[in-house]
$ cat model35.csv   # CSV, C-alpha atoms
chain,number,residue,atom,x,y,z
Y,6,MET,CA,0.0,0.0,0.0
Y,7,SER,CA,1.3,3.5,-0.8
Y,8,THR,CA,2.7,5.8,1.9
Y,9,VAL,CA,0.5,8.3,3.6
Y,10,ASN,CA,0.0,11.4,1.5
Y,11,THR,CA,0.9,14.7,3.2
Y,12,SER,CA,-2.0,16.6,1.7
Y,13,PRO,CA,-4.9,17.6,4.0
Y,14,LEU,CA,-7.1,14.7,5.0
Y,15,PRO,CA,-10.9,15.1,5.4
Y,16,ASP,CA,-12.2,16.4,8.7
Y,17,ALA,CA,-8.9,15.8,10.5
Y,18,ALA,CA,-7.5,19.0,8.9
Y,19,ALA,CA,-10.8,20.8,8.4
Y,20,PRO,CA,-10.7,24.4,9.8
Y,21,THR,CA,-12.8,25.4,12.7
Y,22,PRO,CA,-15.0,28.6,12.3
Y,23,GLY,CA,-12.6,31.5,11.7
Y,24,ARG,CA,-12.5,34.8,13.4
Y,25,ARG,CA,-14.8,36.3,10.8
Y,26,ALA,CA,-17.4,33.6,11.3
Y,27,GLU,CA,-17.2,33.9,15.1
Y,28,SER,CA,-17.7,37.7,14.9
Y,29,GLU,CA,-20.6,37.4,12.5
Y,30,ALA,CA,-22.2,34.8,14.7
Y,31,ILE,CA,-22.1,37.2,17.7
Y,32,TYR,CA,-23.6,40.0,15.6
Y,33,ALA,CA,-26.3,37.7,14.3
Y,34,ALA,CA,-27.1,36.6,17.8
Y,35,PHE,CA,-27.4,40.2,19.0
Y,36,ALA,CA,-29.8,40.9,16.1
Y,37,ALA,CA,-31.8,37.8,16.9
Y,38,GLY,CA,-31.9,38.7,20.6
Y,39,ILE,CA,-33.4,42.1,19.8
Y,40,LEU,CA,-36.0,40.5,17.6
Y,41,GLY,CA,-36.6,38.0,20.3
Y,42,ALA,CA,-37.3,40.7,22.8
Y,43,ILE,CA,-39.9,42.3,20.5
Y,44,TYR,CA,-41.4,38.9,19.9
Y,45,GLY,CA,-41.5,38.2,23.6
Y,46,LEU,CA,-43.2,41.5,24.3
Y,47,LEU,CA,-45.9,40.7,21.8
Y,48,VAL,CA,-46.3,37.2,23.2
Y,49,GLY,CA,-46.5,38.6,26.7
Y,50,ILE,CA,-49.1,41.2,25.7
Y,51,PHE,CA,-51.4,39.1,23.5
Y,52,ALA,CA,-51.0,35.8,25.3
Y,53,PRO,CA,-50.8,36.6,29.0
Y,54,ASP,CA,-50.6,34.1,31.9
Y,55,LEU,CA,-48.7,31.6,29.8
Y,56,GLN,CA,-47.0,28.7,31.6
Y,57,LEU,CA,-43.6,27.3,30.7
Y,58,ALA,CA,-45.0,24.1,29.3
Y,59,GLY,CA,-47.6,21.4,29.8
Y,60,VAL,CA,-50.5,22.9,27.9
Y,61,ALA,CA,-51.3,23.3,24.3
Y,62,ASP,CA,-50.8,27.1,24.3
Y,63,SER,CA,-47.6,27.3,26.4
Y,64,PHE,CA,-44.5,29.5,26.4
Y,65,SER,CA,-42.5,26.5,25.2
Y,66,VAL,CA,-44.5,26.3,22.0
Y,67,TRP,CA,-44.1,30.1,21.2
Y,68,ALA,CA,-40.4,29.9,22.0
Y,69,ALA,CA,-39.8,26.8,19.9
Y,70,CYS,CA,-41.6,28.4,17.0
Y,71,GLY,CA,-39.4,31.6,17.3
Y,72,ALA,CA,-36.3,29.5,17.5
Y,73,ALA,CA,-37.2,27.6,14.4
Y,74,VAL,CA,-37.7,30.8,12.4
Y,75,VAL,CA,-34.3,32.3,13.3
Y,76,ALA,CA,-32.6,28.9,12.8
Y,77,ALA,CA,-34.1,28.7,9.3
Y,78,VAL,CA,-32.9,32.2,8.4
Y,79,ALA,CA,-29.4,31.8,10.0
Y,80,SER,CA,-28.7,28.4,8.5
Y,81,THR,CA,-29.9,29.4,5.0
Y,82,LEU,CA,-27.8,32.5,4.9
Y,83,GLU,CA,-24.6,31.1,6.4
Y,84,TYR,CA,-24.6,27.7,4.7
Y,85,TRP,CA,-24.9,29.5,1.4
Y,86,ARG,CA,-22.2,32.0,2.2
Y,87,SER,CA,-19.8,29.5,3.8
Y,88,ARG,CA,-19.1,27.7,0.5
Y,89,ASP,CA,-16.4,30.4,-0.2
Y,90,ARG,CA,-14.6,29.8,3.0
Y,91,PRO,CA,-11.4,27.6,3.5
Y,92,GLY,CA,-12.2,23.9,3.5
Y,93,GLN,CA,-15.6,24.4,2.0
Y,94,GLN,CA,-14.8,25.4,-1.6
Y,95,TRP,CA,-15.3,21.9,-2.9
Y,96,ARG,CA,-19.1,22.5,-2.5
Y,97,GLN,CA,-18.8,25.0,-5.4
Y,98,SER,CA,-18.2,22.1,-7.8
Y,99,LEU,CA,-21.5,20.4,-6.9
Y,100,ALA,CA,-24.3,20.5,-9.5
Y,101,PRO,CA,-26.7,23.3,-8.7
Y,102,TRP,CA,-29.6,21.0,-8.0
Y,103,LYS,CA,-27.5,18.9,-5.6
Y,104,TYR,CA,-26.3,22.0,-3.8
Y,105,ILE,CA,-29.9,23.3,-3.5
Y,106,VAL,CA,-31.0,19.9,-2.1
Y,107,ASN,CA,-28.1,19.9,0.4
Y,108,THR,CA,-28.9,23.4,1.5
Y,109,ILE,CA,-32.6,22.5,2.0
Y,110,SER,CA,-31.8,19.5,4.1
Y,111,VAL,CA,-29.3,21.3,6.3
Y,112,VAL,CA,-31.8,24.1,6.8
Y,113,ILE,CA,-34.7,21.7,7.6
Y,114,VAL,CA,-32.6,19.8,10.1
Y,115,HIS,CA,-31.3,22.9,11.9
Y,116,THR,CA,-34.8,24.4,11.9
Y,117,ALA,CA,-36.4,21.2,13.3
Y,118,LEU,CA,-33.5,20.7,15.8
Y,119,ALA,CA,-34.0,24.2,17.1
Y,120,PHE,CA,-37.7,23.7,17.6
Y,121,VAL,CA,-37.4,20.3,19.3
Y,122,ALA,CA,-34.4,21.3,21.5
Y,123,VAL,CA,-36.1,24.5,22.7
Y,124,TYR,CA,-39.4,22.8,23.3
Y,125,ALA,CA,-37.7,20.0,25.2
Y,126,LEU,CA,-35.6,22.4,27.3
Y,127,TYR,CA,-38.7,24.3,28.4
Y,128,ARG,CA,-40.5,21.1,29.1
Y,129,VAL,CA,-37.7,20.1,31.5
Y,130,LEU,CA,-37.7,23.6,33.1
Y,131,ALA,CA,-41.4,23.3,33.6
Y,132,MET,CA,-40.8,20.2,35.8
Y,133,GLY,CA,-38.8,22.3,38.1
Y,134,PHE,CA,-41.1,25.3,38.1
Y,135,ILE,CA,-44.5,23.7,38.1
Y,136,GLY,CA,-47.4,26.1,37.5
Y,137,LEU,CA,-45.0,29.1,37.1
Y,138,PRO,CA,-46.8,31.9,35.0
Y,139,ILE,CA,-44.7,33.8,32.5
Y,140,VAL,CA,-45.3,37.5,32.9
Y,141,THR,CA,-44.4,40.0,30.1
Y,142,PHE,CA,-41.0,40.9,31.6
Y,143,TRP,CA,-39.8,37.3,31.6
Y,144,ALA,CA,-41.4,36.6,28.2
Y,145,VAL,CA,-39.1,39.4,26.8
Y,146,VAL,CA,-36.0,38.2,28.6
Y,147,LEU,CA,-36.4,34.4,27.9
Y,148,MET,CA,-37.4,34.9,24.3
Y,149,SER,CA,-34.5,37.3,23.7
Y,150,VAL,CA,-32.0,34.8,25.2
Y,151,THR,CA,-33.6,31.8,23.4
Y,152,LEU,CA,-33.5,33.3,20.0
Y,153,GLY,CA,-30.1,34.8,20.4
Y,154,LEU,CA,-28.5,31.6,21.6
Y,155,THR,CA,-30.3,29.6,18.9
Y,156,THR,CA,-28.9,31.9,16.2
Y,157,TRP,CA,-25.4,31.8,17.6
Y,158,PHE,CA,-25.3,28.0,17.7
Y,159,VAL,CA,-26.9,27.5,14.3
Y,160,TYR,CA,-24.6,30.1,12.6
Y,161,LEU,CA,-21.5,28.4,13.9
Y,162,SER,CA,-22.8,25.0,13.1
Y,163,VAL,CA,-23.2,25.7,9.4
Y,164,SER,CA,-20.2,28.0,9.0
Y,165,ALA,CA,-17.7,25.1,8.7
Y,166,MET,CA,-19.7,22.0,8.1
Y,167,THR,CA,-17.7,18.8,7.9
Y,168,THR,CA,-18.6,15.1,7.7
Y,169,GLN,CA,-17.9,14.5,11.3
Y,170,ARG,CA,-19.9,17.5,12.4
Y,171,MET,CA,-22.8,16.5,10.1
Y,172,SER,CA,-22.7,13.0,11.7
Y,173,SER,CA,-22.8,14.5,15.2
Y,174,LEU,CA,-25.7,16.8,14.1
Y,175,LEU,CA,-27.5,13.7,12.8
Y,176,LEU,CA,-27.1,11.7,16.0
Y,177,THR,CA,-28.0,14.7,18.2
Y,178,PHE,CA,-31.1,15.4,16.2
Y,179,ILE,CA,-32.3,11.9,16.2
Y,180,ALA,CA,-31.7,11.5,19.9
Y,181,ILE,CA,-33.4,14.7,20.9
Y,182,GLY,CA,-36.3,14.2,18.5
Y,183,THR,CA,-37.1,10.6,19.6
Y,184,LEU,CA,-36.7,11.4,23.3
Y,185,THR,CA,-39.0,14.3,23.0
Y,186,ALA,CA,-41.6,12.2,21.3
Y,187,MET,CA,-41.2,9.6,24.0
Y,188,VAL,CA,-41.8,12.0,26.9
Y,189,THR,CA,-44.7,13.9,25.2
Y,190,THR,CA,-46.6,10.9,23.8
Y,191,PRO,CA,-50.2,10.6,25.0
Y,192,ASP,CA,-49.8,6.9,25.5
Y,193,PRO,CA,-47.3,6.2,28.4
Y,194,LYS,CA,-47.4,2.5,27.5
Y,195,TRP,CA,-46.3,3.0,23.9
Y,196,TRP,CA,-43.3,0.8,24.6
Y,197,THR,CA,-45.5,-2.3,25.1
Y,198,ILE,CA,-46.5,-2.1,21.4
Y,199,HIS,CA,-43.6,-1.1,19.1
Y,200,PHE,CA,-41.2,1.8,18.5
Y,201,SER,CA,-43.2,3.1,15.5
Y,202,HIS,CA,-46.3,3.5,17.7
Y,203,LEU,CA,-44.9,6.9,18.7
Y,204,GLY,CA,-45.8,8.2,15.3
Y,205,THR,CA,-49.4,7.0,15.2
Y,206,PHE,CA,-51.2,9.6,17.3
Y,207,GLU,CA,-53.0,11.8,14.7
Y,208,ASP,CA,-52.8,15.6,15.3
Y,209,ASP,CA,-50.7,15.1,18.4
Y,210,LEU,CA,-47.4,17.0,18.7
Y,211,SER,CA,-45.4,13.9,19.8
Y,212,SER,CA,-46.3,12.1,16.5
Y,213,TRP,CA,-45.4,15.2,14.5
Y,214,VAL,CA,-42.0,15.3,16.3
Y,215,PHE,CA,-41.3,11.6,15.8
Y,216,ASN,CA,-42.3,11.4,12.1
Y,217,GLY,CA,-40.7,14.8,11.4
Y,218,THR,CA,-37.5,13.7,13.0
Y,219,LEU,CA,-37.3,10.6,10.8
Y,220,ILE,CA,-38.1,12.6,7.6
Y,221,ALA,CA,-35.6,15.4,8.4
Y,222,ALA,CA,-32.9,12.9,9.4
Y,223,GLY,CA,-33.4,11.0,6.2
Y,224,LEU,CA,-32.9,14.2,4.2
Y,225,LEU,CA,-29.7,14.9,6.3
Y,226,VAL,CA,-28.4,11.4,5.5
Y,227,THR,CA,-28.7,12.2,1.8
Y,228,THR,CA,-26.6,15.4,2.3
Y,229,PHE,CA,-24.3,13.4,4.5
Y,230,ALA,CA,-23.6,11.1,1.5
Y,231,VAL,CA,-22.3,14.1,-0.5
Y,232,TYR,CA,-19.7,14.8,2.3
Y,233,VAL,CA,-18.8,11.2,2.5
Y,234,ALA,CA,-18.2,11.1,-1.3
Y,235,ASN,CA,-15.9,14.1,-1.0
Y,236,ASP,CA,-13.9,12.6,1.8
Y,237,MET,CA,-13.6,9.2,0.1
Y,238,ARG,CA,-12.5,10.9,-3.1
Y,239,GLU,CA,-9.7,12.8,-1.3
Y,240,LEU,CA,-8.6,9.6,0.4
Y,241,SER,CA,-8.7,7.6,-2.8
Y,242,GLU,CA,-6.6,10.3,-4.6
Y,243,ALA,CA,-4.1,10.2,-1.7
Y,244,GLY,CA,-3.8,6.4,-2.2
Y,245,ILE,CA,-5.3,5.6,1.2
Y,246,LEU,CA,-8.5,3.9,0.1
Y,247,GLU,CA,-7.7,1.2,-2.5
Y,248,ASN,CA,-11.0,0.7,-4.2
Y,249,PRO,CA,-11.8,3.7,-6.4
Y,250,ARG,CA,-15.3,2.3,-7.4
Y,251,ALA,CA,-16.4,2.6,-3.7
Y,252,VAL,CA,-16.2,6.4,-4.0
Y,253,ARG,CA,-19.3,6.2,-6.2
Y,254,THR,CA,-20.9,3.1,-4.7
Y,255,VAL,CA,-20.9,4.0,-1.0
Y,256,PRO,CA,-22.5,7.4,-1.3
Y,257,VAL,CA,-25.3,5.9,-3.4
Y,258,LEU,CA,-26.0,3.3,-0.6
Y,259,PHE,CA,-26.1,6.2,1.9
Y,260,VAL,CA,-28.6,8.1,-0.3
Y,261,ILE,CA,-30.8,5.0,-0.4
Y,262,MET,CA,-30.6,4.6,3.3
Y,263,GLY,CA,-31.6,8.3,3.8
Y,264,ILE,CA,-34.6,7.9,1.5
Y,265,MET,CA,-35.7,4.8,3.3
Y,266,LEU,CA,-35.3,6.5,6.7
Y,267,ALA,CA,-37.4,9.5,5.4
Y,268,CYS,CA,-40.1,7.1,4.1
Y,269,VAL,CA,-40.4,5.5,7.6
Y,270,GLY,CA,-41.7,8.9,8.8
Y,271,ILE,CA,-43.6,9.7,5.6
Y,272,PHE,CA,-45.6,6.4,6.0
Y,273,PRO,CA,-46.5,5.9,9.6
Y,274,VAL,CA,-47.3,2.4,10.5
Y,275,ASP,CA,-51.0,3.1,11.1
Y,276,VAL,CA,-51.3,4.9,7.7
Y,277,ASN,CA,-49.5,2.4,5.4
Y,278,MET,CA,-48.0,-0.5,7.2
Y,279,PRO,CA,-46.5,-2.3,4.1
Y,280,ALA,CA,-44.7,0.9,2.9
Y,281,HIS,CA,-43.5,1.6,6.5
Y,282,ASN,CA,-42.1,-1.9,7.0
Y,283,LEU,CA,-40.6,-2.0,3.5
Y,284,SER,CA,-38.8,1.3,4.2
Y,285,ALA,CA,-37.5,0.2,7.6
Y,286,SER,CA,-36.3,-3.1,6.1
Y,287,GLY,CA,-34.7,-1.3,3.2
Y,288,MET,CA,-32.7,0.9,5.6
Y,289,ALA,CA,-31.5,-2.1,7.5
Y,290,VAL,CA,-30.5,-3.8,4.2
Y,291,MET,CA,-28.4,-0.9,3.2
Y,292,TYR,CA,-26.8,-0.9,6.6
Y,293,LEU,CA,-25.9,-4.6,6.2
Y,294,VAL,CA,-24.6,-4.1,2.7
Y,295,LEU,CA,-22.2,-1.3,4.0
Y,296,LEU,CA,-21.2,-3.4,7.0
Y,297,ILE,CA,-20.6,-6.7,5.2
Y,298,GLY,CA,-19.1,-5.1,2.2
Y,299,GLY,CA,-16.7,-3.1,4.3
Y,300,PRO,CA,-13.6,-5.1,3.5
Y,301,ARG,CA,-14.2,-4.5,-0.2
Y,302,PHE,CA,-15.5,-0.9,0.0
Y,303,PHE,CA,-13.0,0.5,2.6
Y,304,ARG,CA,-9.7,-1.3,1.9
Y,305,GLY,CA,-7.1,0.9,3.4
Y,306,MET,CA,-9.1,2.0,6.5
Y,307,PRO,CA,-7.5,1.3,9.9
Y,308,ARG,CA,-7.7,-2.3,11.0
Y,309,THR,CA,-9.5,-1.3,14.2
Y,310,TYR,CA,-12.4,0.0,12.1
Y,311,PHE,CA,-13.0,-3.5,10.7
Y,312,VAL,CA,-12.8,-5.0,14.2
Y,313,ALA,CA,-15.5,-2.5,15.3
Y,314,SER,CA,-17.6,-3.3,12.2
Y,315,TRP,CA,-17.6,-7.0,12.9
Y,316,ALA,CA,-18.6,-6.2,16.5
Y,317,PHE,CA,-21.6,-4.3,15.1
Y,318,LEU,CA,-22.5,-7.2,12.9
Y,319,ALA,CA,-22.2,-9.6,15.7
Y,320,ALA,CA,-24.5,-7.4,17.8
Y,321,MET,CA,-27.0,-7.3,15.0
Y,322,ILE,CA,-27.0,-11.1,14.7
Y,323,ALA,CA,-27.3,-11.5,18.4
Y,324,SER,CA,-30.3,-9.1,18.5
Y,325,VAL,CA,-32.1,-11.1,15.8
Y,326,ILE,CA,-31.5,-14.3,17.6
Y,327,LEU,CA,-32.8,-12.8,20.9
Y,328,PHE,CA,-35.9,-11.4,19.1
Y,329,ILE,CA,-37.0,-14.5,17.1
Y,330,PRO,CA,-40.2,-16.1,18.6
Y,331,ALA,CA,-38.2,-19.3,19.5
Y,332,VAL,CA,-36.2,-17.2,22.0
Y,333,GLY,CA,-38.4,-14.2,22.6
Y,334,TYR,CA,-36.1,-12.4,24.9
Y,335,PHE,CA,-36.4,-9.1,23.1
Y,336,SER,CA,-39.8,-7.4,22.6
Y,337,LEU,CA,-40.4,-5.8,19.2
Y,338,THR,CA,-39.8,-2.3,20.7
Y,339,ALA,CA,-36.5,-3.3,22.2
Y,340,PHE,CA,-35.4,-5.0,19.0
Y,341,GLU,CA,-36.3,-1.9,16.9
Y,342,ILE,CA,-34.5,0.5,19.3
Y,343,ILE,CA,-31.4,-1.7,19.4
Y,344,VAL,CA,-31.3,-2.0,15.5
Y,345,PHE,CA,-31.8,1.8,15.2
Y,346,ALA,CA,-29.0,2.4,17.7
Y,347,LEU,CA,-26.7,0.0,15.9
Y,348,ILE,CA,-27.2,1.6,12.6
Y,349,PHE,CA,-26.4,5.1,13.7
Y,350,GLY,CA,-23.7,4.0,16.1
Y,351,TRP,CA,-21.9,2.4,13.2
Y,352,ILE,CA,-22.3,5.6,11.2
Y,353,ALA,CA,-20.6,7.5,14.0
Y,354,VAL,CA,-17.7,5.0,14.2
Y,355,PHE,CA,-17.3,4.9,10.4
Y,356,ILE,CA,-17.1,8.7,10.1
Y,357,ARG,CA,-14.6,8.9,13.0
Y,358,PHE,CA,-12.3,6.4,11.3
Y,359,LEU,CA,-12.8,8.0,7.8
Y,360,GLY,CA,-11.5,11.2,9.3
Y,361,VAL,CA,-8.3,9.7,10.6
Y,362,ALA,CA,-7.6,7.2,7.8
Y,363,GLY,CA,-4.0,7.5,6.7
Y,364,ARG,CA,-2.8,9.4,9.7
Y,365,LYS,CA,0.3,8.2,11.6
Y,366,ASP,CA,-0.5,9.7,15.0
$ encode --input "model35.csv" --output "structure tokens"
Amino acid sequence: MSTVNTSPLPDAAAPTPGRRAESEAIYAAFAAGILGAIYGLLVGIFAPDLQLAGVADSFSVWAACGAAVVAAVASTLEYWRSRDRPGQQWRQSLAPWKYIVNTISVVIVHTALAFVAVYALYRVLAMGFIGLPIVTFWAVVLMSVTLGLTTWFVYLSVSAMTTQRMSSLLLTFIAIGTLTAMVTTPDPKWWTIHFSHLGTFEDDLSSWVFNGTLIAAGLLVTTFAVYVANDMRELSEAGILENPRAVRTVPVLFVIMGIMLACVGIFPVDVNMPAHNLSASGMAVMYLVLLIGGPRFFRGMPRTYFVASWAFLAAMIASVILFIPAVGYFSLTAFEIIVFALIFGWIAVFIRFLGVAGRKD
């Protein structure tokens, strides 16, 4: 195998947000904070006696909606502008339609994550301040801080997006989204049925959160595939990855996985069970193809990566054995959650090793 190339490797050498991006993020946060204060004043005047959370018309909902709006604006502007910054210029070579799709998916995920994270945060705070009314003064203060911090985080998140950061965003988004759906579901015994039962409550916020999380995460995986393709191309040109065909094959498999994940949310189990099950099965199949085909697709990756991959495969096989009726140790809910965790756990491990492939340290 060829020696390690001294050219920059994906993610490992990717720049962090520069001084300009940091400064712009602060100014954007100040502007959002001012708008948040005005928005909080209007909420306090026209929706008095709000509680933090727990009711349909609560401060948490108003704050989450405001956070979603500023996240959408900040992510759209900065992701579009950041393609001219160091380490991001490769995005300029993307086909226009592909870049637009990537931008849309990044914006949707940041918008949805802002909504879910803010809503979940105020739900947690409400547990410590039960029955606390939100008067106009605190509506102004809390809304200003919420929208300002949301803008700051989102602006920096999209200013220097890399594959590792996108995988972290994906895992964070899925974790927060599913946990929020779990704690807000109207059926506290949902886990006795199956995991997808969380998305079956029509017109309930928990189902919108659950299904929306899957759809947005699926879109992000398709964008994630573009970043993986760029990283693998750089590693292939550096002589680190030894199968040049995998540069085209692997991203396609990730795109299919993303489409299948989105379809799981588009077709809730109570709306179209065959399409829902087919989508979930298709996602699992793509995962197994990537896992089993690893020695062929990823020749040149560190040996430890393959050890970890076989461990993931062994865990999958063990889960299937423990789920089959003859054994029956795992319930359907436990099996679905474990498979879900294994898929995205492997993605995280794969991206970490992709970022350090070829490094000597």
$ residues_near_point --input "model35.csv" --point "(-43.9, 22.7, 20.3)" --cutoff "8 Å" --atoms "only C-alpha atoms" --output "list in words"
Ser65, Val66, Trp67, Ala69, Cys70, Phe120, Val121, Tyr124 and Leu210 of chain Y
$ residues_around --input "model35.csv" --residues "Ala72 of chain Y" --least-positions-apart "5" --cutoff "8 Å" --atoms "only C-alpha atoms" --output "JSON list (two decimals) with C-alpha atoms, in the coordinates of the input"
[["chain", "number", "residue", "atom", "x", "y", "z"],
["Y", 116, "THR", "CA", -34.80, 24.40, 11.90],
["Y", 119, "ALA", "CA", -34.00, 24.20, 17.10],
["Y", 120, "PHE", "CA", -37.70, 23.70, 17.60],
["Y", 123, "VAL", "CA", -36.10, 24.50, 22.70],
["Y", 151, "THR", "CA", -33.60, 31.80, 23.40],
["Y", 152, "LEU", "CA", -33.50, 33.30, 20.00],
["Y", 155, "THR", "CA", -30.30, 29.60, 18.90],
["Y", 156, "THR", "CA", -28.90, 31.90, 16.20]]
$ residues_around --input "model35.csv" --residues "Arg301 of chain Y" --least-positions-apart "5" --cutoff "10 Å" --atoms "only C-alpha atoms" --output "number ranges by chain"
Y: 247-248, 250-251, 295
$ atom_distance --input "model35.csv" --atom1 "atom CA of Thr338 of chain Y" --atom2 "atom CA of Val111 of chain Y"
29.6 Å
$ atom_distance --input "model35.csv" --atom1 "atom CA of Thr81 of chain Y" --atom2 "atom CA of Gly153 of chain Y"
16.3 Å
